[in-house]
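Pasted below: structure-v3.pdb, PDB, C-alpha atoms and all ligand atoms.
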```pdb
MODEL        1
ATOM      1  CA  MET A  23      14.618  30.079 -87.601
ATOM      2  CA  SER A  24      16.115  31.864 -90.542
ATOM      3  CA  GLU A  25      16.871  35.550 -90.703
ATOM      4  CA  LEU A  26      14.422  36.923 -93.222
ATOM      5  CA  VAL A  27      15.115  40.667 -93.196
ATOM      6  CA  VAL A  28      18.484  41.942 -92.029
ATOM      7  CA  LEU A  29      20.007  45.401 -91.625
ATOM      8  CA  ARG A  30      23.794  45.454 -91.320
ATOM      9  CA  GLY A  31      25.804  48.466 -90.231
ATOM     10  CA  ALA A  32      22.908  50.783 -90.988
ATOM     11  CA  SER A  33      23.321  54.498 -90.405
ATOM     12  CA  PHE A  34      20.697  57.124 -90.991
ATOM     13  CA  ALA A  35      20.175  60.842 -90.314
ATOM     14  CA  TYR A  36      17.387  63.176 -91.429
ATOM     15  CA  GLU A  37      18.538  66.114 -93.578
ATOM     16  CA  ASP A  38      21.120  68.000 -91.531
ATOM     17  CA  GLY A  39      20.124  66.344 -88.271
ATOM     18  CA  PRO A  40      22.326  64.169 -86.074
ATOM     19  CA  ALA A  41      22.642  60.437 -86.708
ATOM     20  CA  VAL A  42      19.463  58.671 -85.591
ATOM     21  CA  LEU A  43      20.932  55.221 -86.160
ATOM     22  CA  ASP A  44      24.647  54.612 -86.395
ATOM     23  CA  GLY A  45      26.043  51.288 -87.568
ATOM     24  CA  LEU A  46      22.955  49.403 -86.452
ATOM     25  CA  ASP A  47      22.602  45.639 -86.884
ATOM     26  CA  PHE A  48      19.059  44.314 -86.763
ATOM     27  CA  GLU A  49      17.466  41.035 -87.780
ATOM     28  CA  VAL A  50      13.896  39.890 -88.273
ATOM     29  CA  ARG A  51      13.720  36.135 -87.921
ATOM     30  CA  GLU A  52      10.976  34.318 -89.771
ATOM     31  CA  GLY A  53       8.154  33.092 -87.554
ATOM     32  CA  ARG A  54       9.275  34.966 -84.418
ATOM     33  CA  ALA A  55       6.965  37.663 -83.090
ATOM     34  CA  LEU A  56       9.227  40.599 -82.263
ATOM     35  CA  ALA A  57       8.541  43.585 -79.999
ATOM     36  CA  LEU A  58      10.686  46.675 -80.577
ATOM     37  CA  LEU A  59      11.058  48.926 -77.550
ATOM     38  CA  GLY A  60      12.920  52.133 -76.813
ATOM     39  CA  ARG A  61      12.376  55.621 -75.515
ATOM     40  CA  ASN A  62      10.694  58.339 -77.583
ATOM     41  CA  GLY A  63      13.071  59.523 -80.267
ATOM     42  CA  SER A  64      15.288  56.427 -80.024
ATOM     43  CA  GLY A  65      14.663  55.639 -83.683
ATOM     44  CA  LYS A  66      11.989  52.903 -83.644
ATOM     45  CA  THR A  67       9.925  54.498 -86.396
ATOM     46  CA  THR A  68      13.042  55.284 -88.421
ATOM     47  CA  LEU A  69      14.202  51.667 -88.092
ATOM     48  CA  MET A  70      10.809  50.375 -89.224
ATOM     49  CA  ARG A  71      10.873  52.664 -92.254
ATOM     50  CA  LEU A  72      14.351  51.390 -93.111
ATOM     51  CA  LEU A  73      13.176  47.771 -92.821
ATOM     52  CA  SER A  74      10.211  48.421 -95.105
ATOM     53  CA  GLY A  75      12.096  50.458 -97.706
ATOM     54  CA  GLY A  76      10.438  53.830 -97.050
ATOM     55  CA  LEU A  77      13.860  55.162 -96.089
ATOM     56  CA  ARG A  78      17.212  54.072 -97.436
ATOM     57  CA  PRO A  79      20.172  53.656 -95.070
ATOM     58  CA  HIS A  80      23.032  56.076 -95.755
ATOM     59  CA  THR A  81      25.538  53.351 -94.990
ATOM     60  CA  GLY A  82      25.035  49.639 -94.545
ATOM     61  CA  THR A  83      22.725  47.211 -96.301
ATOM     62  CA  LEU A  84      19.245  45.795 -96.099
ATOM     63  CA  THR A  85      18.909  42.195 -97.252
ATOM     64  CA  VAL A  86      15.886  39.948 -97.720
ATOM     65  CA  GLU A  87      16.754  36.256 -97.543
ATOM     66  CA  GLY A  88      20.379  37.201 -98.053
ATOM     67  CA  GLN A  89      19.708  39.254-101.203
ATOM     68  CA  PRO A  90      20.604  42.963-100.982
ATOM     69  CA  VAL A  91      17.563  45.162-101.614
ATOM     70  CA  THR A  92      17.867  47.360-104.682
ATOM     71  CA  TYR A  93      16.088  50.688-104.369
ATOM     72  CA  ASP A  94      14.737  50.740-107.908
ATOM     73  CA  ARG A  95      11.086  50.143-108.766
ATOM     74  CA  LYS A  96      11.497  46.395-109.157
ATOM     75  CA  GLY A  97      13.507  46.004-105.962
ATOM     76  CA  LEU A  98      11.096  48.080-103.907
ATOM     77  CA  THR A  99       8.086  46.172-105.264
ATOM     78  CA  ARG A 100       9.783  42.946-104.286
ATOM     79  CA  LEU A 101      10.503  44.332-100.813
ATOM     80  CA  ARG A 102       6.890  45.516-100.389
ATOM     81  CA  THR A 103       5.498  42.103-101.199
ATOM     82  CA  THR A 104       7.704  40.734 -98.406
ATOM     83  CA  VAL A 105       7.584  43.493 -95.784
ATOM     84  CA  GLN A 106       4.631  45.774 -95.051
ATOM     85  CA  LEU A 107       4.652  48.651 -92.597
ATOM     86  CA  VAL A 108       1.541  49.955 -90.853
ATOM     87  CA  VAL A 109       2.326  53.488 -89.694
ATOM     88  CA  GLN A 110       1.260  54.705 -86.275
ATOM     89  CA  ASP A 111      -1.425  57.163 -87.358
ATOM     90  CA  PRO A 112      -4.006  55.551 -89.678
ATOM     91  CA  ASP A 113      -4.814  58.994 -91.093
ATOM     92  CA  ASP A 114      -1.315  59.050 -92.611
ATOM     93  CA  GLN A 115      -2.144  55.830 -94.462
ATOM     94  CA  LEU A 116      -5.817  55.978 -95.464
ATOM     95  CA  PHE A 117      -6.842  58.114 -98.403
ATOM     96  CA  ALA A 118      -9.418  56.293-100.537
ATOM     97  CA  ALA A 119     -13.140  57.006-100.289
ATOM     98  CA  SER A 120     -14.218  53.634 -98.890
ATOM     99  CA  VAL A 121     -12.693  50.911 -96.755
ATOM    100  CA  ALA A 122     -12.690  48.332 -99.576
ATOM    101  CA  GLN A 123     -11.142  50.836-102.009
ATOM    102  CA  ASP A 124      -8.411  51.649 -99.552
ATOM    103  CA  VAL A 125      -7.606  48.010 -98.869
ATOM    104  CA  SER A 126      -7.562  47.210-102.609
ATOM    105  CA  PHE A 127      -5.032  49.936-103.403
ATOM    106  CA  GLY A 128      -1.879  47.883-102.753
ATOM    107  CA  PRO A 129      -2.958  44.742-104.647
ATOM    108  CA  LEU A 130      -4.230  46.868-107.588
ATOM    109  CA  ASN A 131      -0.896  48.639-107.643
ATOM    110  CA  LEU A 132       0.834  45.266-107.987
ATOM    111  CA  GLY A 133      -1.114  44.837-111.246
ATOM    112  CA  LEU A 134      -2.941  41.757-110.001
ATOM    113  CA  PRO A 135      -6.024  40.586-111.926
ATOM    114  CA  ASP A 136      -9.385  41.770-110.548
ATOM    115  CA  PRO A 137     -10.548  38.402-109.117
ATOM    116  CA  GLU A 138      -7.275  38.080-107.193
ATOM    117  CA  VAL A 139      -7.621  41.649-105.882
ATOM    118  CA  ARG A 140     -11.178  40.863-104.759
ATOM    119  CA  ASP A 141     -10.034  37.680-103.001
ATOM    120  CA  ARG A 142      -7.291  39.505-101.183
ATOM    121  CA  VAL A 143      -9.526  42.360-100.085
ATOM    122  CA  GLU A 144     -12.168  39.922 -98.815
ATOM    123  CA  GLU A 145      -9.526  37.921 -96.973
ATOM    124  CA  ALA A 146      -7.939  41.023 -95.401
ATOM    125  CA  LEU A 147     -11.286  42.499 -94.331
ATOM    126  CA  ALA A 148     -12.254  39.162 -92.766
ATOM    127  CA  ALA A 149      -8.871  38.862 -90.999
ATOM    128  CA  LEU A 150      -9.398  42.289 -89.434
ATOM    129  CA  ASP A 151     -13.087  41.619 -88.740
ATOM    130  CA  ILE A 152     -14.244  44.639 -90.737
ATOM    131  CA  THR A 153     -16.126  42.944 -93.590
ATOM    132  CA  ALA A 154     -19.271  44.820 -92.559
ATOM    133  CA  LEU A 155     -17.441  48.133 -93.046
ATOM    134  CA  ALA A 156     -16.362  47.453 -96.660
ATOM    135  CA  ASP A 157     -18.449  50.222 -98.242
ATOM    136  CA  ARG A 158     -18.153  52.692 -95.366
ATOM    137  CA  PRO A 159     -16.366  56.000 -96.058
ATOM    138  CA  THR A 160     -13.072  55.904 -94.143
ATOM    139  CA  HIS A 161     -13.601  59.396 -92.695
ATOM    140  CA  LEU A 162     -16.728  58.191 -90.872
ATOM    141  CA  LEU A 163     -14.931  55.365 -89.059
ATOM    142  CA  SER A 164     -13.888  55.360 -85.417
ATOM    143  CA  TYR A 165     -10.161  55.530 -84.646
ATOM    144  CA  GLY A 166     -10.053  51.784 -83.942
ATOM    145  CA  GLN A 167     -11.859  51.018 -87.197
ATOM    146  CA  ARG A 168      -9.460  53.262 -89.135
ATOM    147  CA  LYS A 169      -6.573  51.454 -87.496
ATOM    148  CA  ARG A 170      -8.021  48.086 -88.556
ATOM    149  CA  THR A 171      -8.542  49.362 -92.089
ATOM    150  CA  ALA A 172      -4.913  50.494 -92.295
ATOM    151  CA  ILE A 173      -3.752  47.070 -91.109
ATOM    152  CA  ALA A 174      -6.074  45.351 -93.612
ATOM    153  CA  GLY A 175      -4.415  47.352 -96.388
ATOM    154  CA  ALA A 176      -1.058  45.890 -95.399
ATOM    155  CA  VAL A 177      -2.460  42.367 -94.920
ATOM    156  CA  ALA A 178      -3.950  42.478 -98.442
ATOM    157  CA  MET A 179      -0.358  42.543 -99.739
ATOM    158  CA  ARG A 180       0.092  39.111 -98.098
ATOM    159  CA  PRO A 181       3.469  40.125 -96.651
ATOM    160  CA  ARG A 182       5.711  37.612 -94.950
ATOM    161  CA  VAL A 183       6.606  40.286 -92.407
ATOM    162  CA  LEU A 184       4.011  42.687 -91.032
ATOM    163  CA  ILE A 185       5.531  45.632 -89.146
ATOM    164  CA  LEU A 186       3.261  47.746 -86.956
ATOM    165  CA  ASP A 187       4.308  51.040 -85.400
ATOM    166  CA  GLU A 188       2.702  51.308 -81.944
ATOM    167  CA  PRO A 189      -0.473  49.521 -83.065
ATOM    168  CA  THR A 190      -2.158  49.499 -79.651
ATOM    169  CA  ALA A 191      -1.585  53.199 -78.938
ATOM    170  CA  GLY A 192      -4.893  55.017 -78.723
ATOM    171  CA  LEU A 193      -7.023  51.855 -78.499
ATOM    172  CA  ASP A 194      -9.193  51.128 -75.467
ATOM    173  CA  PRO A 195      -8.437  47.913 -73.504
ATOM    174  CA  ASP A 196     -11.026  45.891 -75.418
ATOM    175  CA  GLY A 197      -9.706  47.247 -78.725
ATOM    176  CA  GLN A 198      -6.179  46.257 -77.684
ATOM    177  CA  GLU A 199      -7.258  42.706 -76.833
ATOM    178  CA  ARG A 200      -9.118  42.365 -80.121
ATOM    179  CA  LEU A 201      -6.099  43.601 -82.027
ATOM    180  CA  LEU A 202      -3.790  41.154 -80.235
ATOM    181  CA  ALA A 203      -6.178  38.298 -81.073
ATOM    182  CA  THR A 204      -6.107  39.394 -84.727
ATOM    183  CA  LEU A 205      -2.311  39.507 -84.715
ATOM    184  CA  ASP A 206      -2.192  36.060 -83.110
ATOM    185  CA  ALA A 207      -4.366  34.709 -85.935
ATOM    186  CA  LEU A 208      -2.023  36.272 -88.510
ATOM    187  CA  ARG A 209       0.941  34.729 -86.716
ATOM    188  CA  ALA A 210      -0.784  31.346 -86.715
ATOM    189  CA  SER A 211      -1.249  31.629 -90.473
ATOM    190  CA  GLY A 212       2.488  32.155 -90.920
ATOM    191  CA  THR A 213       3.006  35.932 -90.926
ATOM    192  CA  THR A 214       6.001  37.210 -88.992
ATOM    193  CA  VAL A 215       4.812  40.162 -86.902
ATOM    194  CA  VAL A 216       6.999  42.973 -85.590
ATOM    195  CA  MET A 217       5.575  45.736 -83.410
ATOM    196  CA  ALA A 218       6.950  48.840 -81.767
ATOM    197  CA  THR A 219       5.484  49.439 -78.340
ATOM    198  CA  HIS A 220       6.204  51.205 -75.049
ATOM    199  CA  ASP A 221       4.186  48.619 -73.164
ATOM    200  CA  VAL A 222       6.663  46.229 -71.532
ATOM    201  CA  ASP A 223       3.867  44.052 -70.105
ATOM    202  CA  LEU A 224       2.304  43.680 -73.522
ATOM    203  CA  ALA A 225       5.712  42.885 -75.049
ATOM    204  CA  LEU A 226       6.380  40.167 -72.468
ATOM    205  CA  ARG A 227       2.985  38.589 -72.975
ATOM    206  CA  TRP A 228       2.816  38.837 -76.747
ATOM    207  CA  ALA A 229       6.329  38.616 -78.196
ATOM    208  CA  ASP A 230       8.696  35.699 -78.735
ATOM    209  CA  ASP A 231      11.633  38.095 -78.888
ATOM    210  CA  ALA A 232      12.146  41.641 -77.686
ATOM    211  CA  ALA A 233      14.602  44.194 -79.068
ATOM    212  CA  LEU A 234      15.598  47.139 -76.884
ATOM    213  CA  LEU A 235      16.805  50.067 -78.945
ATOM    214  CA  THR A 236      19.417  52.017 -76.973
ATOM    215  CA  PRO A 237      22.263  54.384 -77.896
ATOM    216  CA  SER A 238      24.559  51.334 -77.904
ATOM    217  CA  GLY A 239      22.446  49.534 -80.495
ATOM    218  CA  ALA A 240      19.589  47.034 -80.601
ATOM    219  CA  HIS A 241      19.706  44.319 -77.955
ATOM    220  CA  THR A 242      17.546  41.393 -79.028
ATOM    221  CA  GLY A 243      16.758  38.156 -77.256
ATOM    222  CA  PRO A 244      13.906  35.969 -76.040
ATOM    223  CA  ALA A 245      11.343  38.353 -74.530
ATOM    224  CA  ALA A 246      11.610  37.000 -70.972
ATOM    225  CA  THR A 247      15.402  37.434 -71.085
ATOM    226  CA  ALA A 248      15.678  40.770 -72.882
ATOM    227  CA  LEU A 249      12.925  42.332 -70.761
ATOM    228  CA  ALA A 250      14.693  41.315 -67.548
ATOM    229  CA  ARG A 251      17.818  43.345 -68.437
ATOM    230  CA  THR A 252      17.423  46.145 -65.895
ATOM    231  CA  ASP A 253      20.423  48.068 -67.252
ATOM    232  CA  LEU A 254      19.081  48.086 -70.813
ATOM    233  CA  LEU A 255      15.519  48.822 -69.698
ATOM    234  CA  HIS A 256      16.853  51.842 -67.849
ATOM    235  CA  GLN A 257      18.757  53.043 -70.936
ATOM    236  CA  ALA A 258      15.584  52.567 -72.964
ATOM    237  CA  GLY A 259      13.511  54.554 -70.475
ATOM    238  CA  LEU A 260      11.407  51.514 -69.576
ATOM    239  CA  ARG A 261      10.486  49.779 -66.345
ATOM    240  CA  LEU A 262      10.610  46.097 -65.467
ATOM    241  CA  PRO A 263       7.567  44.199 -66.752
ATOM    242  CA  TRP A 264       5.079  43.159 -64.129
ATOM    243  CA  GLY A 265       5.511  39.450 -65.008
ATOM    244  CA  ILE A 266       9.299  39.545 -64.537
ATOM    245  CA  ALA A 267       8.888  41.166 -61.103
ATOM    246  CA  ALA A 268       6.307  38.492 -60.177
ATOM    247  CA  THR A 269       8.592  35.707 -61.429
ATOM    248  CA  ARG A 270      11.467  36.995 -59.273
ATOM    249  CA  LEU A 271       9.207  37.086 -56.242
ATOM    250  CA  LEU A 272       7.943  33.542 -56.899
ATOM    251  CA  HIS A 273      11.536  32.300 -57.220
ATOM    252  CA  ALA A 274      12.598  34.086 -54.029
ATOM    253  CA  GLN A 275       9.651  32.567 -52.144
ATOM    254  CA  GLY A 276      10.440  29.094 -53.492
ATOM    255  CA  LEU A 277       7.059  28.962 -55.228
ATOM    256  CA  LEU A 278       8.697  28.460 -58.606
ATOM    257  CA  THR A 279      11.879  26.496 -59.251
ATOM    258  CA  GLU A 280      14.743  28.300 -61.008
ATOM    259  CA  GLY A 281      14.459  27.914 -64.762
ATOM    260  CA  GLU A 282      10.720  27.347 -64.614
ATOM    261  CA  PRO A 283       8.991  29.975 -66.750
ATOM    262  CA  GLY A 284       7.155  32.617 -64.749
ATOM    263  CA  PRO A 285       3.761  34.166 -65.435
ATOM    264  CA  ARG A 286       3.514  36.621 -68.324
ATOM    265  CA  SER A 287      -0.026  37.737 -67.550
ATOM    266  CA  PRO A 288      -2.475  37.779 -64.629
ATOM    267  CA  ASP A 289      -4.203  34.752 -66.210
ATOM    268  CA  GLU A 290      -0.947  32.801 -66.183
ATOM    269  CA  LEU A 291      -0.353  33.774 -62.560
ATOM    270  CA  ALA A 292      -3.832  32.521 -61.660
ATOM    271  CA  ALA A 293      -3.143  29.261 -63.527
ATOM    272  CA  LEU A 294       0.114  28.839 -61.575
ATOM    273  CA  ALA A 295      -1.733  29.337 -58.297
ATOM    274  CA  LYS A 296      -4.178  26.567 -59.222
ATOM    275  CA  ALA A 297      -1.477  24.139 -60.392
ATOM    276  CA  PRO A 298       0.201  22.077 -57.701
ATOM    277  CA  ALA A 299       3.600  23.510 -56.772
ATOM    278  CA  SER A 300       6.476  21.775 -58.559
ATOM    279  CA  PRO A 301       8.026  19.115 -56.362
ATOM    280  CA  PRO A 302      11.399  20.168 -54.951
ATOM    281  CA  VAL A 303      14.344  18.867 -56.954
ATOM    282  CA  PRO A 304      15.988  16.120 -54.840
ATOM    283  CA  ALA A 305      19.610  16.817 -53.981
ATOM    284  CA  ASP A 306      22.006  14.314 -55.531
ATOM    285  CA  GLY A 307      23.671  11.684 -53.310
TER     286      GLY A 307
HETATM  287  N1  LIG B 401      10.859  63.374 -90.649
HETATM  288  C1  LIG B 401      11.813  63.701 -89.767
HETATM  289  N2  LIG B 401      12.632  64.764 -89.994
HETATM  290  C2  LIG B 401      13.600  65.092 -89.119
HETATM  291  N3  LIG B 401      13.860  64.424 -87.984
HETATM  292  C3  LIG B 401      13.083  63.367 -87.701
HETATM  293  C4  LIG B 401      12.023  62.944 -88.570
HETATM  294  N4  LIG B 401      11.428  61.854 -88.022
HETATM  295  C5  LIG B 401      12.079  61.614 -86.886
HETATM  296  N5  LIG B 401      13.069  62.511 -86.680
HETATM  297  C6  LIG B 401      14.009  62.521 -85.541
HETATM  298  O1  LIG B 401      14.686  61.270 -85.526
HETATM  299  C7  LIG B 401      14.832  60.773 -84.208
HETATM  300  C8  LIG B 401      14.203  59.384 -84.102
HETATM  301  O2  LIG B 401      12.806  59.503 -84.305
HETATM  302  P1  LIG B 401      11.856  58.248 -84.435
HETATM  303  O3  LIG B 401      12.452  57.282 -85.396
HETATM  304  O4  LIG B 401      10.506  58.784 -84.767
HETATM  305  O5  LIG B 401      11.918  57.644 -82.961
HETATM  306  P2  LIG B 401      10.822  56.834 -82.137
HETATM  307  O6  LIG B 401       9.881  56.196 -83.111
HETATM  308  O7  LIG B 401      11.613  55.821 -81.351
HETATM  309  O8  LIG B 401      10.138  57.802 -81.228
HETATM  310  C9  LIG B 401      14.200  61.816 -83.293
HETATM  311  O9  LIG B 401      15.216  62.629 -82.802
HETATM  312  C10 LIG B 401      13.289  62.590 -84.218
HETATM  313  O10 LIG B 401      13.144  63.904 -83.782
HETATM  314 MG    MG B 402       7.847  56.265 -83.318
ENDMDL
END
```

So, in terms of structure tokens, how does the structure I just supplied come out?
Ligand SMILES: Nc1ncnc2c1ncn2[C@@H]1O[C@H](COP(=O)(O)OP(=O)(O)O)[C@@H](O)[C@H]1O
Ligand SMILES: [Mg+2]
Amino acid sequence: MSELVVLRGASFAYEDGPAVLDGLDFEVREGRALALLGRNGSGKTTLMRLLSGGLRPHTGTLTVEGQPVTYDRKGLTRLRTTVQLVVQDPDDQLFAASVAQDVSFGPLNLGLPDPEVRDRVEEALAALDITALADRPTHLLSYGQRKRTAIAGAVAMRPRVLILDEPTAGLDPDGQERLLATLDALRASGTTVVMATHDVDLALRWADDAALLTPSGAHTGPAATALARTDLLHQAGLRLPWGIAATRLLHAQGLLTEGEPGPRSPDELAALAKAPASPPVPADG
């Protein structure tokens, strides 16, 4: 998997504030769903804004496919057709009168011809399952619908990397499941998805890789490995995911052989219980 978007040695501080990020290295690998975790104020939102070009690192570089990003109009347009950020609060993103108008804003701004804009808006509304809301005024939508509209606006840019800042925050359980199904469909169609979340169980279930943002930097690895690092979880103000705790118990009880992947969700635990236990590995000689 190639590294698509890379920050090297990135430092950033707001105005006269202290450094939020200091010499940070961070990679987004194409095709790998990535969960970004860390305590409040650890810099997740700042990092996402650096990756999407909304902020510029004071030191260090941002590269896309090895090419340094230039922060002029042309460079930023190029970055925005590759990386799209969906901010946490949809009300910070939505401003047009209707859903379809809001979603068309990005493609129109790229100067695309009308038929192409229409295609993209239709496709994005369908992907987010909000086609029926196209003509609805955004201020009359529910929070979940506004959230979907904001995501559709980013999807209409057909980015290779879609970055979402705490996308499940504020959604009810059904809304969360529907959003995860939508993100899975986007992943299946080739979009690399990055999300910030505080939900370690969600990260374990959903992500290929997890990055824990701590004062010592970003620690990234396969989700089941990174989310089992008790020391880093502690630094990041997080607890052990439910599935990792269950996996440890299953190993200790001999119900799962070492190296066999453990359950990442209650459904996977139930499936394990129904499957015949793995035969014990015969000792050699
Ligand atoms: N617009 C801003 N102006 C000044 N300080 C900010 C701003 N946004 C965030 N910060 C500060 O930067 C630090 C990191 O914030 P943030 O990136 O939002 O972290 P997180 O998303 O992990 O909660 C915090 O100390 C926060 O107070
Ligand atoms: Mg944040």

Distance query region 54-70 of chain A at most 8 Å, only C-alpha atoms, self and fewer than 4 positions along chain excluded, as a PyMOL selection string = chain A and resi 23+42-43+50+74+77+107+185+187+209+214-220+222+225+228-237+258-260

Interatomic distance (Å, one decimal) between atom N4 of ligand LIG 401 (chain B) and CA of Ala172 (chain A) |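 Interatomic distance, atom N4 of ligand LIG 401 (chain B) to CA of Ala172 (chain A): 20.4 Å.
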
Would you kindly return, as a PDB file with C-alpha atoms, in the frame of the given file, each protein, DNA or RNA residue with an atom no farther than 9 Å from any atom of region 238-240 of chain A, considering only C-alpha atoms and excluding same-chain residues fewer than 6 positions away?
```pdb
ATOM      1  CA  LEU A  43      20.932  55.221 -86.160  1.00  0.00           C
ATOM      2  CA  ASP A  44      24.647  54.612 -86.395  1.00  0.00           C
ATOM      3  CA  GLY A  45      26.043  51.288 -87.568  1.00  0.00           C
ATOM      4  CA  LEU A  46      22.955  49.403 -86.452  1.00  0.00           C
ATOM      5  CA  ASP A  47      22.602  45.639 -86.884  1.00  0.00           C
ATOM      6  CA  PHE A  48      19.059  44.314 -86.763  1.00  0.00           C
ATOM      7  CA  LEU A  58      10.686  46.675 -80.577  1.00  0.00           C
TER       8      LEU A  58
END
```

Å distance separating CA of Val121 (chain A) from CA of Ile152 (chain A), one decimal place | 8.8 Å

So what do you get for CA of Pro288 (chain A) versus CA of Gly212 (chain A), distance-wise?
-> 27.3 Å

If I put a ball of radius 12 Å at (13.8, 28.3, -64.5) in the file's coordinates, which residues poke into it when counting only C-alpha atoms, written as a VMD selection string?
-> chain A and resid 246 to 247 269 to 270 272 to 273 276 to 285 300

Limited to C-alpha atoms, could you put the picked residues into a file as a PDB file, in the frame of the given file?
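The resulting file, out_31.pdb, is reproduced below:
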```
ATOM      1  CA  ALA A 246      11.610  37.000 -70.972  1.00  0.00           C
ATOM      2  CA  THR A 247      15.402  37.434 -71.085  1.00  0.00           C
ATOM      3  CA  THR A 269       8.592  35.707 -61.429  1.00  0.00           C
ATOM      4  CA  ARG A 270      11.467  36.995 -59.273  1.00  0.00           C
ATOM      5  CA  LEU A 272       7.943  33.542 -56.899  1.00  0.00           C
ATOM      6  CA  HIS A 273      11.536  32.300 -57.220  1.00  0.00           C
ATOM      7  CA  GLY A 276      10.440  29.094 -53.492  1.00  0.00           C
ATOM      8  CA  LEU A 277       7.059  28.962 -55.228  1.00  0.00           C
ATOM      9  CA  LEU A 278       8.697  28.460 -58.606  1.00  0.00           C
ATOM     10  CA  THR A 279      11.879  26.496 -59.251  1.00  0.00           C
ATOM     11  CA  GLU A 280      14.743  28.300 -61.008  1.00  0.00           C
ATOM     12  CA  GLY A 281      14.459  27.914 -64.762  1.00  0.00           C
ATOM     13  CA  GLU A 282      10.720  27.347 -64.614  1.00  0.00           C
ATOM     14  CA  PRO A 283       8.991  29.975 -66.750  1.00  0.00           C
ATOM     15  CA  GLY A 284       7.155  32.617 -64.749  1.00  0.00           C
ATOM     16  CA  PRO A 285       3.761  34.166 -65.435  1.00  0.00           C
ATOM     17  CA  SER A 300       6.476  21.775 -58.559  1.00  0.00           C
TER      18      SER A 300
END
```

Test item: the PyMOL selection byres (((chain A and resi 116) around 8) and not hetatm) resolved as a list in words = Pro112, Asp113, Asp114, Gln115, Phe117, Ala118, Asp124, Thr160, Arg168, Thr171 and Ala172 of chain A

Point out the residue among A:Gly88, A:Ser120, A:Pro195, A:Glu52 with the least atom-to-atom distance to Leu162 (chain A), counting all atoms listed in the file.
-> A:Ser120

Which residue out of A:Tyr36, A:Thr204, A:His241, A:Leu184 has the minimum interatomic distance to Thr104 (chain A) when only C-alpha atoms are used?
->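 Among the listed residues, A:Leu184 lies closest to Thr104 (chain A).
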
Would you compute an axis-aligned box for ligand LIG 401 (chain B), covering every atom listed for it in the file with 8 Å of margin on each side, and report centre and edge lengths in Å to one decimal as AutoDock Vina command-line options?
```
--center_x 12.5 --center_y 60.5 --center_z -85.9 --size_x 21.3 --size_y 25.3 --size_z 25.4
```

Kindly indicate which residue among A:Thr81, A:Ile173, A:Met179, A:Leu202 lies nearest to Ala41 (chain A), using all atoms listed in the file for the distances.
->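 Comparing A:Thr81, A:Ile173, A:Met179, A:Leu202 against Ala41 (chain A), the winner is A:Thr81.
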
When the PyMOL selection byres (((chain A and resi 90) around 12) and not hetatm) is applied to the file above, which residues end up in the set, as JSON, numbers by chain?
-> {"A": [26, 27, 28, 29, 30, 75, 82, 83, 84, 85, 86, 87, 88, 89, 91, 92, 93, 94, 97, 98, 100, 101]}

Can you spit out the residues from that selection as an mmCIF file, in the coordinates of the input, using C-alpha atoms?
```cif
data_model
loop_
_atom_site.group_PDB
_atom_site.id
_atom_site.type_symbol
_atom_site.label_atom_id
_atom_site.label_comp_id
_atom_site.auth_asym_id
_atom_site.auth_seq_id
_atom_site.Cartn_x
_atom_site.Cartn_y
_atom_site.Cartn_z
ATOM 1 C CA LEU A 26 14.422 36.923 -93.222
ATOM 2 C CA VAL A 27 15.115 40.667 -93.196
ATOM 3 C CA VAL A 28 18.484 41.942 -92.029
ATOM 4 C CA LEU A 29 20.007 45.401 -91.625
ATOM 5 C CA ARG A 30 23.794 45.454 -91.320
ATOM 6 C CA GLY A 75 12.096 50.458 -97.706
ATOM 7 C CA GLY A 82 25.035 49.639 -94.545
ATOM 8 C CA THR A 83 22.725 47.211 -96.301
ATOM 9 C CA LEU A 84 19.245 45.795 -96.099
ATOM 10 C CA THR A 85 18.909 42.195 -97.252
ATOM 11 C CA VAL A 86 15.886 39.948 -97.720
ATOM 12 C CA GLU A 87 16.754 36.256 -97.543
ATOM 13 C CA GLY A 88 20.379 37.201 -98.053
ATOM 14 C CA GLN A 89 19.708 39.254 -101.203
ATOM 15 C CA VAL A 91 17.563 45.162 -101.614
ATOM 16 C CA THR A 92 17.867 47.360 -104.682
ATOM 17 C CA TYR A 93 16.088 50.688 -104.369
ATOM 18 C CA ASP A 94 14.737 50.740 -107.908
ATOM 19 C CA GLY A 97 13.507 46.004 -105.962
ATOM 20 C CA LEU A 98 11.096 48.080 -103.907
ATOM 21 C CA ARG A 100 9.783 42.946 -104.286
ATOM 22 C CA LEU A 101 10.503 44.332 -100.813
#
```

Reference answer for the PyMOL selection byres (((chain A and resi 262-265) around 6) and not hetatm), as a PyMOL selection string | chain A and resi 222-223+261+266-268+285-286

Option closest in space to Pro159 (chain A), from A:Val183, A:Ala119, A:Leu134, A:Leu72 [counting all atoms listed in the file] |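 Checking each candidate against Pro159 (chain A), we get A:Ala119 as the closest.
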
Incomplete region 75-79 of chain A filled out to N, CA and C atoms as a compact mmCIF listing (two decimals), in the coordinates of the input:
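What ended up in rebuild-v3.txt:
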```
# COMPACT_ATOMS: atom_id res chain seq x y z
N GLY A 75 11.67 49.82 -96.46
CA GLY A 75 12.10 50.46 -97.71
C GLY A 75 11.61 51.88 -97.91
N GLY A 76 10.89 52.44 -96.93
CA GLY A 76 10.44 53.83 -97.05
C GLY A 76 11.60 54.80 -96.93
N LEU A 77 12.61 54.41 -96.19
CA LEU A 77 13.86 55.16 -96.09
C LEU A 77 14.99 54.24 -96.52
N ARG A 78 16.05 54.85 -97.01
CA ARG A 78 17.21 54.07 -97.44
C ARG A 78 18.37 54.38 -96.50
N PRO A 79 19.05 53.37 -95.98
CA PRO A 79 20.17 53.66 -95.07
C PRO A 79 21.30 54.39 -95.81
```
